[in-house]
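Just target.txt here, compact mmCIF, C-alpha atoms:
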# COMPACT_ATOMS: atom_id res chain seq x y z
CA MET A 1 0.37 -18.72 -20.10
CA THR A 2 -1.62 -17.50 -17.15
CA ALA A 3 0.30 -15.80 -14.41
CA SER A 4 -1.10 -17.08 -11.14
CA PRO A 5 -1.09 -14.62 -8.27
CA ILE A 6 1.78 -14.72 -5.80
CA LEU A 7 -0.72 -14.45 -2.99
CA LEU A 8 -4.38 -15.38 -2.92
CA LEU A 9 -6.67 -15.05 0.07
CA ASP A 10 -9.86 -16.86 -0.83
CA ASN A 11 -12.87 -16.03 1.33
CA VAL A 12 -10.72 -16.04 4.43
CA SER A 13 -12.14 -15.70 7.92
CA ARG A 14 -10.35 -15.75 11.23
CA VAL A 15 -12.26 -16.08 14.45
CA HIS A 16 -10.56 -15.81 17.80
CA GLY A 17 -12.21 -17.60 20.72
CA ARG A 18 -15.50 -19.49 20.69
CA ASP A 19 -19.24 -18.97 21.11
CA GLU A 20 -20.20 -15.78 22.94
CA THR A 21 -16.64 -14.56 23.27
CA ALA A 22 -15.82 -15.20 19.60
CA VAL A 23 -14.25 -12.27 17.81
CA ARG A 24 -14.25 -12.17 14.02
CA ALA A 25 -10.93 -10.59 13.17
CA LEU A 26 -11.47 -11.26 9.47
CA ASP A 27 -14.74 -12.07 7.81
CA GLY A 28 -14.76 -13.49 4.30
CA VAL A 29 -11.85 -11.55 2.85
CA THR A 30 -10.80 -12.25 -0.73
CA LEU A 31 -7.65 -10.60 -2.01
CA THR A 32 -4.95 -11.28 -4.58
CA VAL A 33 -1.45 -9.95 -5.06
CA ASP A 34 -0.07 -10.51 -8.54
CA VAL A 35 3.46 -10.47 -9.86
CA GLY A 36 4.65 -6.87 -10.06
CA GLU A 37 1.86 -5.62 -7.87
CA LEU A 38 1.91 -3.66 -4.65
CA VAL A 39 -1.33 -3.79 -2.70
CA ALA A 40 -1.93 -1.58 0.32
CA VAL A 41 -4.33 -2.31 3.14
CA MET A 42 -5.72 0.57 5.16
CA GLY A 43 -8.09 0.58 8.05
CA PRO A 44 -8.52 1.75 11.63
CA SER A 45 -6.80 -0.19 14.40
CA GLY A 46 -8.66 -3.38 15.15
CA SER A 47 -9.92 -3.64 11.57
CA GLY A 48 -7.97 -6.87 10.96
CA LYS A 49 -4.93 -5.52 9.08
CA SER A 50 -2.36 -7.39 11.16
CA THR A 51 -4.40 -10.59 11.15
CA LEU A 52 -4.50 -10.40 7.37
CA LEU A 53 -0.74 -10.02 7.16
CA ASN A 54 -0.11 -12.84 9.62
CA LEU A 55 -2.36 -15.17 7.63
CA ALA A 56 -0.64 -14.22 4.38
CA GLY A 57 2.73 -15.03 5.94
CA GLY A 58 1.66 -18.34 7.41
CA LEU A 59 2.14 -17.08 10.96
CA ASP A 60 -1.53 -17.73 11.66
CA GLN A 61 -4.13 -20.07 10.17
CA PRO A 62 -7.57 -19.08 8.89
CA THR A 63 -10.68 -20.45 10.59
CA SER A 64 -12.17 -20.88 7.13
CA GLY A 65 -11.16 -20.09 3.58
CA LYS A 66 -7.80 -20.60 1.90
CA VAL A 67 -4.48 -18.82 1.84
CA ILE A 68 -2.49 -19.71 -1.30
CA VAL A 69 1.11 -18.54 -1.62
CA GLU A 70 2.82 -19.22 -4.97
CA GLY A 71 0.20 -21.84 -5.72
CA ALA A 72 0.60 -23.71 -2.43
CA ASP A 73 -2.19 -23.97 0.14
CA VAL A 74 -0.71 -22.64 3.36
CA GLY A 75 -3.48 -24.20 5.45
CA ALA A 76 -2.55 -27.69 4.28
CA MET A 77 1.12 -27.36 5.14
CA SER A 78 2.99 -29.07 7.91
CA LEU A 79 4.88 -26.85 10.33
CA ARG A 80 8.06 -27.87 8.55
CA ASP A 81 6.72 -26.86 5.14
CA LEU A 82 5.49 -23.59 6.63
CA ALA A 83 8.94 -22.82 7.96
CA ALA A 84 10.42 -23.60 4.55
CA LEU A 85 7.83 -21.33 2.90
CA ARG A 86 8.88 -18.48 5.15
CA ARG A 87 12.54 -19.06 4.37
CA ARG A 88 12.18 -19.42 0.61
CA THR A 89 9.10 -17.64 -0.60
CA LEU A 90 8.28 -14.59 1.45
CA GLY A 91 9.71 -12.09 3.86
CA PHE A 92 8.38 -9.64 6.41
CA VAL A 93 9.27 -5.99 6.86
CA PHE A 94 8.33 -4.46 10.18
CA GLN A 95 8.06 -0.95 11.58
CA ASP A 96 11.10 -1.46 13.82
CA PHE A 97 13.28 -3.08 11.10
CA ASN A 98 13.95 -6.28 13.12
CA LEU A 99 17.52 -6.74 11.95
CA ILE A 100 19.81 -8.87 14.05
CA PRO A 101 22.16 -6.38 15.76
CA SER A 102 25.17 -8.70 15.95
CA LEU A 103 25.12 -9.36 12.18
CA THR A 104 26.21 -6.98 9.41
CA ALA A 105 23.80 -5.87 6.71
CA VAL A 106 24.88 -8.54 4.27
CA GLU A 107 24.83 -11.23 6.99
CA ASN A 108 21.29 -10.23 7.92
CA VAL A 109 20.20 -10.55 4.30
CA ALA A 110 22.06 -13.85 3.83
CA LEU A 111 20.57 -15.42 6.95
CA PRO A 112 17.38 -16.90 5.46
CA LEU A 113 19.45 -18.44 2.66
CA GLU A 114 21.92 -19.97 5.10
CA LEU A 115 19.09 -21.28 7.25
CA ASP A 116 17.79 -22.87 4.09
CA GLY A 117 21.08 -24.72 3.59
CA GLU A 118 22.83 -22.42 1.15
CA ARG A 119 26.61 -22.33 1.45
CA VAL A 120 27.96 -19.25 3.17
CA ARG A 121 29.90 -17.82 0.25
CA LYS A 122 27.06 -18.24 -2.23
CA ALA A 123 24.54 -16.89 0.27
CA ARG A 124 26.72 -13.83 0.71
CA ARG A 125 26.91 -13.28 -3.03
CA ILE A 126 23.13 -13.50 -3.44
CA ALA A 127 22.67 -11.21 -0.42
CA LEU A 128 25.00 -8.63 -1.97
CA ASP A 129 22.93 -8.71 -5.17
CA SER A 130 19.84 -8.08 -3.10
CA LEU A 131 21.46 -5.14 -1.27
CA GLU A 132 22.41 -3.79 -4.69
CA THR A 133 18.76 -3.79 -5.77
CA VAL A 134 17.83 -1.55 -2.84
CA GLY A 135 20.75 0.77 -3.52
CA ILE A 136 22.95 0.17 -0.48
CA ALA A 137 25.56 -2.38 -1.60
CA GLU A 138 28.26 -0.12 -0.13
CA LEU A 139 26.82 -0.59 3.37
CA ALA A 140 27.09 -4.39 3.24
CA ASP A 141 29.57 -4.69 6.10
CA ARG A 142 27.95 -2.22 8.45
CA TYR A 143 26.15 -3.24 11.59
CA PRO A 144 22.55 -2.07 12.05
CA GLU A 145 23.47 0.35 14.83
CA HIS A 146 25.73 2.18 12.38
CA MET A 147 22.96 2.68 9.86
CA SER A 148 20.10 5.18 9.72
CA GLY A 149 16.53 3.97 10.02
CA GLY A 150 15.97 4.33 6.30
CA GLN A 151 19.08 2.29 5.53
CA GLN A 152 18.05 -0.42 7.99
CA GLN A 153 14.64 -0.61 6.38
CA ARG A 154 16.27 -1.05 2.97
CA VAL A 155 18.26 -3.95 4.42
CA ALA A 156 15.00 -5.42 5.69
CA ILE A 157 13.47 -5.13 2.21
CA ALA A 158 16.57 -6.70 0.68
CA ARG A 159 16.25 -9.56 3.18
CA ALA A 160 12.53 -9.97 2.51
CA LEU A 161 13.18 -10.40 -1.21
CA VAL A 162 16.57 -12.11 -1.21
CA GLY A 163 17.18 -14.91 -3.71
CA LYS A 164 13.97 -16.50 -4.93
CA ARG A 165 11.73 -14.80 -2.39
CA ARG A 166 9.07 -12.88 -4.27
CA LEU A 167 6.50 -11.82 -1.69
CA VAL A 168 7.13 -9.01 0.75
CA LEU A 169 4.69 -8.45 3.61
CA ALA A 170 5.23 -5.03 5.10
CA ASP A 171 3.65 -3.97 8.38
CA GLU A 172 3.78 -0.17 8.80
CA PRO A 173 7.30 -0.08 7.29
CA THR A 174 7.46 3.71 7.44
CA GLY A 175 6.11 4.06 10.97
CA ALA A 176 9.47 4.84 12.54
CA LEU A 177 10.80 7.04 9.72
CA ASP A 178 10.54 10.75 8.93
CA SER A 179 8.46 11.72 5.91
CA GLN A 180 11.26 11.98 3.32
CA THR A 181 12.95 8.74 4.46
CA GLY A 182 9.59 6.99 4.57
CA GLU A 183 8.95 8.05 1.01
CA ASP A 184 12.38 6.80 -0.09
CA VAL A 185 11.59 3.40 1.45
CA LEU A 186 8.28 3.32 -0.41
CA ARG A 187 10.10 4.13 -3.65
CA VAL A 188 12.38 1.14 -3.04
CA LEU A 189 9.45 -1.14 -2.26
CA ARG A 190 7.67 0.12 -5.36
CA ALA A 191 10.75 -0.48 -7.52
CA ARG A 192 11.15 -4.03 -6.19
CA CYS A 193 7.53 -4.77 -7.07
CA ASP A 194 7.97 -3.23 -10.52
CA ALA A 195 10.95 -5.60 -10.91
CA GLY A 196 8.70 -8.62 -10.39
CA ALA A 197 8.00 -9.06 -6.69
CA GLY A 198 4.59 -8.91 -5.08
CA GLY A 199 3.96 -6.74 -2.06
CA LEU A 200 1.30 -6.45 0.60
CA LEU A 201 1.63 -3.23 2.56
CA VAL A 202 -0.27 -2.45 5.72
CA THR A 203 -0.24 1.22 6.58
CA HIS A 204 -2.44 3.85 8.13
CA GLU A 205 -0.79 6.62 6.12
CA ALA A 206 -2.68 7.39 2.95
CA ARG A 207 0.34 9.15 1.51
CA HIS A 208 2.26 5.89 1.62
CA ALA A 209 -0.62 3.67 0.61
CA ALA A 210 -0.86 5.77 -2.56
CA TRP A 211 2.33 4.13 -3.87
CA ALA A 212 0.37 0.91 -4.24
CA ASP A 213 -1.43 -0.21 -7.39
CA ARG A 214 -4.49 -0.89 -5.33
CA VAL A 215 -5.60 0.27 -1.91
CA VAL A 216 -8.03 -1.89 0.02
CA PHE A 217 -10.02 -0.54 2.96
CA LEU A 218 -10.64 -2.89 5.83
CA ARG A 219 -13.17 -2.26 8.55
CA ASP A 220 -14.31 -4.72 11.22
CA GLY A 221 -12.64 -7.56 9.33
CA VAL A 222 -14.44 -6.83 6.06
CA ILE A 223 -13.12 -5.19 2.89
CA VAL A 224 -15.41 -2.19 2.49
CA ASP A 225 -13.89 -0.65 -0.61
CA SER A 226 -10.94 -0.69 -2.97
CA THR A 227 -9.43 1.92 -5.28
CA GLY A 228 -9.45 -0.41 -8.24
CA THR A 229 -9.91 -3.87 -9.54
CA PRO A 230 -6.83 -5.80 -10.56
CA PRO A 231 -6.30 -6.10 -14.31
CA SER A 232 -7.64 -9.32 -15.80
CA ALA A 233 -5.28 -11.94 -17.18
CA GLU A 234 -6.33 -10.98 -20.71
CA SER A 235 -5.54 -7.31 -20.29
CA LEU A 236 -2.15 -8.22 -18.83
CA LEU A 237 -1.30 -10.32 -21.85
CA ASP A 238 -2.72 -7.88 -24.31
CA PRO A 239 -2.36 -4.32 -23.08
CA ALA A 240 -3.21 -2.73 -26.43
CA GLY A 241 -6.45 -4.68 -26.69
CA ALA A 242 -5.54 -5.83 -30.20
CA VAL A 243 -4.85 -9.34 -31.59
CA MET B 1 -4.41 37.56 -5.44
CA SER B 2 -1.77 35.04 -6.31
CA ILE B 3 -1.57 35.74 -10.09
CA ARG B 4 -0.91 39.39 -9.40
CA ARG B 5 1.78 38.64 -6.84
CA GLY B 6 3.17 35.82 -8.95
CA LEU B 7 3.66 38.07 -11.97
CA LEU B 8 5.32 40.72 -9.83
CA ALA B 9 7.70 38.12 -8.40
CA LEU B 10 8.65 36.94 -11.89
CA LEU B 11 9.26 40.50 -13.06
CA ALA B 12 11.58 41.01 -10.09
CA GLN B 13 13.93 38.56 -11.78
CA GLU B 14 13.95 40.34 -15.16
CA PRO B 15 11.68 42.30 -17.50
CA MET B 16 9.39 40.02 -19.51
CA TYR B 17 6.70 40.04 -22.19
CA GLY B 18 3.17 38.94 -21.35
CA ALA B 19 3.42 35.59 -23.13
CA GLN B 20 6.73 34.94 -21.46
CA LEU B 21 5.22 35.69 -18.04
CA ARG B 22 2.50 33.20 -18.70
CA SER B 23 4.85 30.39 -19.70
CA GLU B 24 7.27 31.10 -16.85
CA PHE B 25 4.44 31.11 -14.30
CA GLU B 26 3.24 27.75 -15.59
CA SER B 27 6.59 26.03 -15.90
CA ARG B 28 7.59 27.05 -12.39
CA THR B 29 4.40 25.78 -10.80
CA GLY B 30 4.23 22.58 -12.82
CA GLY B 31 1.29 23.73 -14.93
CA THR B 32 -0.96 23.12 -11.95
CA TRP B 33 -2.65 26.50 -12.31
CA PRO B 34 -2.79 27.29 -16.03
CA LEU B 35 -3.19 30.95 -16.99
CA ASN B 36 -4.70 32.25 -20.17
CA VAL B 37 -3.06 35.14 -21.97
CA GLY B 38 -6.11 37.31 -21.33
CA GLN B 39 -5.69 36.93 -17.56
CA VAL B 40 -2.05 37.88 -17.84
CA TYR B 41 -2.72 41.06 -19.82
CA THR B 42 -5.65 42.07 -17.64
CA THR B 43 -3.47 41.65 -14.58
CA LEU B 44 -0.59 43.56 -16.17
CA ALA B 45 -2.96 46.39 -17.05
CA ARG B 46 -4.11 46.60 -13.42
CA LEU B 47 -0.55 46.45 -12.14
CA GLU B 48 0.39 49.27 -14.51
CA ARG B 49 -2.61 51.31 -13.38
CA ASP B 50 -1.56 50.80 -9.75
CA GLY B 51 1.97 51.95 -10.59
CA LEU B 52 3.65 48.63 -9.82
CA VAL B 53 4.86 47.83 -13.35
CA GLU B 54 5.66 49.87 -16.46
CA GLY B 55 6.49 49.27 -20.09
CA ALA B 56 10.24 48.89 -20.46
CA GLY B 57 10.14 50.82 -23.75
CA GLY B 58 7.89 50.95 -26.79
CA ALA B 59 6.41 47.99 -28.59
CA ASP B 60 8.93 45.93 -30.55
CA GLU B 61 8.48 45.08 -34.25
CA GLU B 62 5.98 42.35 -33.32
CA GLY B 63 4.03 44.81 -31.21
CA ARG B 64 5.04 43.21 -27.90
CA ILE B 65 5.71 45.26 -24.82
CA GLU B 66 8.25 44.21 -22.24
CA TYR B 67 7.21 44.95 -18.67
CA ARG B 68 9.39 45.76 -15.72
CA LEU B 69 8.84 46.58 -12.04
CA THR B 70 8.69 50.12 -10.74
CA ASP B 71 10.29 50.91 -7.37
CA GLN B 72 6.85 50.58 -5.82
CA GLY B 73 6.50 47.18 -7.50
CA ARG B 74 9.81 46.08 -6.05
CA THR B 75 8.66 47.11 -2.57
CA GLU B 76 5.44 45.14 -3.09
CA VAL B 77 7.41 41.99 -4.01
CA ALA B 78 9.69 42.37 -1.00
CA ARG B 79 6.62 42.72 1.21
CA TRP B 80 5.13 39.56 -0.28
CA TRP B 81 8.23 37.50 0.46
CA SER B 82 8.48 38.74 4.05
CA ALA B 83 4.83 38.67 5.12
CA PRO B 84 2.88 35.44 5.75
CA VAL B 85 0.10 34.53 3.35
CA ASP B 86 -3.23 35.53 4.84
CA ARG B 87 -5.10 32.46 6.07
CA GLY B 88 -7.89 34.46 7.67
CA ASN B 89 -10.28 33.93 4.81
CA THR B 90 -11.33 30.28 4.79
CA PRO B 91 -11.79 29.24 1.18
CA ARG B 92 -15.03 27.43 0.39
CA ASP B 93 -14.53 23.71 0.32
CA GLU B 94 -17.37 21.81 -1.33
CA LEU B 95 -16.67 18.59 0.58
CA VAL B 96 -16.73 20.29 3.97
CA ILE B 97 -19.95 22.09 3.13
CA LYS B 98 -21.42 18.86 1.76
CA LEU B 99 -20.60 16.96 4.93
CA ALA B 100 -21.85 19.68 7.24
CA LEU B 101 -25.14 19.65 5.36
CA ALA B 102 -25.28 15.85 5.24
CA VAL B 103 -25.05 15.73 9.03
CA THR B 104 -27.91 18.18 9.43
CA VAL B 105 -30.22 17.19 6.58
CA PRO B 106 -32.15 13.97 7.29
CA GLY B 107 -31.88 10.90 5.09
CA VAL B 108 -28.30 11.09 3.88
CA ASP B 109 -26.20 7.92 4.04
CA ILE B 110 -23.21 9.60 5.65
CA PRO B 111 -20.98 6.54 6.14
CA ARG B 112 -21.33 5.77 2.45
CA LEU B 113 -20.66 9.39 1.54
CA VAL B 114 -17.48 9.29 3.65
CA GLN B 115 -16.29 5.99 2.21
CA THR B 116 -17.00 7.00 -1.40
CA GLN B 117 -15.12 10.24 -0.94
CA ARG B 118 -12.21 8.55 0.80
CA THR B 119 -11.80 6.08 -2.05
CA ALA B 120 -12.00 8.87 -4.63
CA THR B 121 -9.50 11.03 -2.75
CA LEU B 122 -7.15 8.07 -2.42
CA ARG B 123 -7.37 7.47 -6.18
CA HIS B 124 -6.46 11.11 -6.66
CA LEU B 125 -3.57 10.61 -4.26
CA GLN B 126 -2.44 7.59 -6.30
CA ASP B 127 -2.48 9.72 -9.46
CA LEU B 128 -0.41 12.40 -7.77
CA THR B 129 2.04 9.74 -6.59
CA LYS B 130 2.34 8.42 -10.15
CA LEU B 131 3.23 11.93 -11.29
CA LYS B 132 5.87 12.05 -8.58
CA ARG B 133 7.28 8.73 -9.72
CA SER B 134 7.57 10.00 -13.27
CA THR B 135 9.35 13.15 -12.14
CA SER B 136 13.03 12.51 -11.74
CA ASP B 137 14.04 12.95 -8.14
CA GLU B 138 17.73 13.14 -9.04
CA ALA B 139 17.52 16.00 -11.53
CA ALA B 140 15.50 18.13 -9.12
CA GLY B 141 17.41 21.08 -7.79
CA ARG B 142 20.27 21.00 -10.28
CA GLY B 143 20.55 23.72 -12.89
CA PRO B 144 17.77 26.08 -14.00
CA ASP B 145 15.64 23.22 -15.38
CA GLY B 146 16.26 21.31 -12.18
CA ARG B 147 14.99 24.27 -10.15
CA ASN B 148 11.72 24.17 -12.07
CA GLU B 149 11.59 20.42 -11.53
CA LEU B 150 12.14 20.92 -7.81
CA ALA B 151 9.41 23.55 -7.72
CA TRP B 152 7.04 21.15 -9.47
CA LEU B 153 7.86 18.37 -6.99
CA LEU B 154 7.14 20.70 -4.08
CA VAL B 155 3.81 21.70 -5.63
CA LEU B 156 3.00 18.01 -6.06
CA ASP B 157 3.95 17.31 -2.45
CA ASN B 158 1.59 20.06 -1.34
CA LEU B 159 -1.27 18.42 -3.26
CA VAL B 160 -0.27 15.05 -1.79
CA TYR B 161 -0.35 16.40 1.77
CA ALA B 162 -3.67 18.13 1.14
CA ALA B 163 -5.21 14.88 -0.14
CA GLU B 164 -3.76 13.00 2.82
CA ALA B 165 -5.18 15.56 5.23
CA GLU B 166 -8.59 15.17 3.63
CA ILE B 167 -8.42 11.39 4.10
CA ARG B 168 -7.38 11.77 7.72
CA TRP B 169 -10.22 14.16 8.28
CA LEU B 170 -12.66 11.68 6.70
CA ASP B 171 -11.30 8.96 9.03
CA HIS B 172 -11.94 11.31 11.90
CA VAL B 173 -15.47 12.06 10.69
CA GLU B 174 -16.20 8.35 10.46
CA ALA B 175 -14.87 7.62 13.93
CA ARG B 176 -16.69 10.63 15.40
CA LEU B 177 -20.01 9.63 13.86
CA ALA B 178 -19.56 6.02 14.96
CA ARG B 179 -19.03 7.21 18.53
CA GLU B 180 -22.04 9.46 18.26
CA ALA B 181 -24.07 6.48 17.03
CA THR B 182 -23.21 4.37 20.08
CA ARG B 183 -24.41 7.14 22.39
CA ALA B 184 -27.63 7.59 20.37
CA PRO B 185 -29.79 9.53 22.76
CA GLU B 186 -32.32 11.64 20.87
CA GLY B 187 -33.11 14.05 18.08
CA ARG B 188 -30.55 14.56 15.37
CA THR B 189 -28.08 12.20 16.99
CA ARG B 190 -30.56 9.36 16.79
CA ASP B 191 -30.93 9.96 13.08
CA THR B 192 -27.20 9.66 12.73
CA ALA B 193 -27.27 6.44 14.75
CA ARG B 194 -30.05 4.99 12.64
CA LEU B 195 -28.20 5.82 9.42
CA TYR B 196 -25.09 4.21 10.73
CA ASP B 197 -26.96 1.06 11.79
CA ASP B 198 -28.69 0.80 8.41
CA ARG B 199 -25.32 0.84 6.77
CA SER B 200 -23.83 -1.88 8.98
CA SER B 201 -26.73 -4.29 8.51
CA GLU B 202 -26.66 -3.68 4.78
CA GLY B 203 -22.92 -4.28 4.74
CA ALA B 204 -23.34 -7.55 6.61
CA SER B 205 -25.96 -8.89 4.21
CA ARG B 206 -23.84 -8.15 1.14
With the file now loaded, output its structure as structure tokens.
Amino acid sequence: MTASPILLLDNVSRVHGRDETAVRALDGVTLTVDVGELVAVMGPSGSGKSTLLNLAGGLDQPTSGKVIVEGADVGAMSLRDLAALRRRTLGFVFQDFNLIPSLTAVENVALPLELDGERVRKARRIALDSLETVGIAELADRYPEHMSGGQQQRVAIARALVGKRRLVLADEPTGALDSQTGEDVLRVLRARCDAGAGGLLVTHEARHAAWADRVVFLRDGVIVDSTGTPPSAESLLDPAGAV
Amino acid sequence: MSIRRGLLALLAQEPMYGAQLRSEFESRTGGTWPLNVGQVYTTLARLERDGLVEGAGGADEEGRIEYRLTDQGRTEVARWWSAPVDRGNTPRDELVIKLALAVTVPGVDIPRLVQTQRTATLRHLQDLTKLKRSTSDEAAGRGPDGRNELAWLLVLDNLVYAAEAEIRWLDHVEARLAREATRAPEGRTRDTARLYDDRSSEGASR
């Protein structure tokens, strides 16, 4: 059995504008995120990090190349399918947490499930499980304003990976946190990936990128280097190299 | 020197044998700076000569001597805790020297040098982070073993921050040289500009 990547960007380019005013935000980027893998993207501002994340999440479409999420070609999807993909398959984590202030922690986490037609009670149960995995089940009925930044970010991670969602796209998730809290959030993200999710992390902090299995450097829309190549399918199946 | 001061600080807790000093020094600093027994005994001999430590009695049946602080030694330890570590002497850093020379010697592909180093330093940072992951965060701080664990985590954090600082500095170097390249008037600066342009066109053709 071959494990296909959760996310595959295949020779993806994104050009904004046309002709003389055209700006290549991304230029022929190929990148995979496998099950259990956390990949970090580093690069100066304007290097294309956010564009990459938006393409991976189906918020933007590539000018050329393919974006494949869980085997499905995002570029070929209708708007309706795209919306369903974002409800069921992947979640975003942002610098400023983006929780809905009028909903409790568990309601925030349950929201994508409910939007997807899940019944309220079941959605709540699944959401509680997800809060449990990020270590804050006891805060389920708190409102965001009564939680610390680190706690809110854990809720956001729980929401991003609730139910069957397996891909978390994190945009500077530690940007608004102090160093110890930021590290705790990275530990949670790392643990969720170890438990079978896939993560794409955009950060400008090397200390946080170092929690990833692989760090990719982006400059002017091009991947200029990477700290490692992903393991091949063979080596995943056969870590000892025998049989 | 830190070994000298480190041994004095350990002896302030209780008298110890040389081998014991060595293992205590290592376990409390996470084995990051291993000592050999020879270094320990040489240092003890100098400390004894300077009147900071003394034998706590004769050799035991195995021929080992337990060392303890003298009053002067105790004063020296107290001074160490209260005074800041001297940062006046800048230690030699091969990377900094290498970069300074690369900027002034013609023909060096500086952008590549910076990128190669940044990737290597980030790999090192990943290794340090793996060590942190394998060190239990919960146990740290509790009990005598926990104190050693906490000390080790703090040493690791220091190495993490140092690696991060190096990467930030390399980012800065890259940005600074890129800006220099766009100005590109004459002399040395033009060389830098040319090198940078070579790199970009090469990158585009790959």
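Separating CA of Ala56 in chain B from CA of Leu8 in chain B is a distance of 14.3 Å.
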What are the residues of chain B lining chain A at 7 Å or less? Count all atoms listed in the file, and put the answer as a compact mmCIF listing (two decimals) with C-alpha atoms, in the frame of the given file.
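Saved as part13.txt:
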# COMPACT_ATOMS: atom_id res chain seq x y z
CA THR B 119 -11.80 6.08 -2.05
CA LEU B 122 -7.15 8.07 -2.42
CA ARG B 123 -7.37 7.47 -6.18
CA LEU B 125 -3.57 10.61 -4.26
CA GLN B 126 -2.44 7.59 -6.30
CA THR B 129 2.04 9.74 -6.59
CA VAL B 160 -0.27 15.05 -1.79
CA GLU B 164 -3.76 13.00 2.82
Atomic distance CA of Leu128 in chain B - CA of Val33 in chain A, expressed in Å with one decimal: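 It comes out at 22.5 Å.
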What is the CA of Tyr67 in chain B to CA of Leu52 in chain B distance in Å?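 That distance, rounded to one decimal, is 10.2 Å.
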May I ask which of the residues A:Ala195, A:Leu79, A:Val29, A:Ala170 is the closest one to Ser50 in chain A, counting all atoms listed in the file? A:Ala170
Restricting the calculation to only C-alpha atoms: of B:Arg179, B:Ile3, B:Leu153, B:Glu66, which residue gets closest to Ser134 in chain B?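 Checking each candidate against Ser134 in chain B, we get B:Leu153 as the closest.
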Expected residue set, 10 Å radius at (3.9, 35.2, -19.6), only C-alpha atoms, as a ChimeraX atom specification: /B:7,10-11,16-26,35-37,39-41
Might you pull out every residue within 7 Å of Gly221 in chain A, with all atoms listed in the file counted and same-chain residues fewer than 4 positions away left off, and present them as a PyMOL selection string? chain A and resi 24-27+47-48
Contacts of Leu169 in chain A at 7 Å or less, counting only C-alpha atoms, minus same-chain residues fewer than 4 places along, as an MDAnalysis selection string? chainID A and resid 53 91:93 199:201
Neighbouring residues of Thr32 in chain A were defined as those with any atom within 7 Å, considering only C-alpha atoms; residues of the same chain fewer than 2 positions away were excluded. Please report them as a short mmCIF file (atom, residue, chain, number, x, y, z; two decimals) with C-alpha atoms, in the frame of the given file.
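New file out11.cif:
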data_model
loop_
_atom_site.label_atom_id
_atom_site.label_comp_id
_atom_site.auth_asym_id
_atom_site.auth_seq_id
_atom_site.Cartn_x
_atom_site.Cartn_y
_atom_site.Cartn_z
CA PRO A 5 -1.09 -14.62 -8.27
CA LEU A 7 -0.72 -14.45 -2.99
CA LEU A 8 -4.38 -15.38 -2.92
CA LEU A 9 -6.67 -15.05 0.07
CA ASP A 34 -0.07 -10.51 -8.54
#
In the coordinate frame of the file, compute which residues have an atom within 10 Å of (8.2, -8.5, 0.8) when using only C-alpha atoms, and state them as a ChimeraX atom specification. /A:38,57,89-93,156-162,165-171,189,192-193,197-201
Mind checking which residues fall within 7 Å of Ala140 in chain A, counting only C-alpha atoms, ignoring those fewer than 6 positions away in the same chain, and posting them as an MDAnalysis selection string? chainID A and resid 104:106
Quick one: residues within 12 Å of Gln115 in chain B, only C-alpha atoms, excluding same-chain residues fewer than 2 positions away - as a PyMOL selection string? (chain A and resi 43+216-219+223-227) or (chain B and resi 109-113+117-122+167-175+199)
Please export range 189-208 of chain A as a PDB file, in the first residue's frame, restricted to C-alpha atoms.
ATOM      1  CA  LEU A 189       1.077  20.957  16.427  1.00  0.00           C
ATOM      2  CA  ARG A 190       3.981  18.516  16.343  1.00  0.00           C
ATOM      3  CA  ALA A 191       2.057  15.973  18.424  1.00  0.00           C
ATOM      4  CA  ARG A 192      -0.995  16.232  16.165  1.00  0.00           C
ATOM      5  CA  CYS A 193       1.181  15.558  13.132  1.00  0.00           C
ATOM      6  CA  ASP A 194       2.863  12.633  14.894  1.00  0.00           C
ATOM      7  CA  ALA A 195      -0.669  11.305  15.502  1.00  0.00           C
ATOM      8  CA  GLY A 196      -1.350  11.206  11.761  1.00  0.00           C
ATOM      9  CA  ALA A 197      -2.171  14.699  10.530  1.00  0.00           C
ATOM     10  CA  GLY A 198      -0.184  16.626   7.960  1.00  0.00           C
ATOM     11  CA  GLY A 199       0.914  20.176   8.625  1.00  0.00           C
ATOM     12  CA  LEU A 200       2.202  23.064   6.571  1.00  0.00           C
ATOM     13  CA  LEU A 201       3.658  25.785   8.757  1.00  0.00           C
ATOM     14  CA  VAL A 202       4.630  29.219   7.538  1.00  0.00           C
ATOM     15  CA  THR A 203       6.890  31.043   9.947  1.00  0.00           C
ATOM     16  CA  HIS A 204       9.770  33.472   9.940  1.00  0.00           C
ATOM     17  CA  GLU A 205      11.080  32.141  13.241  1.00  0.00           C
ATOM     18  CA  ALA A 206      13.740  29.511  12.752  1.00  0.00           C
ATOM     19  CA  ARG A 207      13.285  28.308  16.316  1.00  0.00           C
ATOM     20  CA  HIS A 208       9.720  27.324  15.496  1.00  0.00           C
TER      21      HIS A 208
END
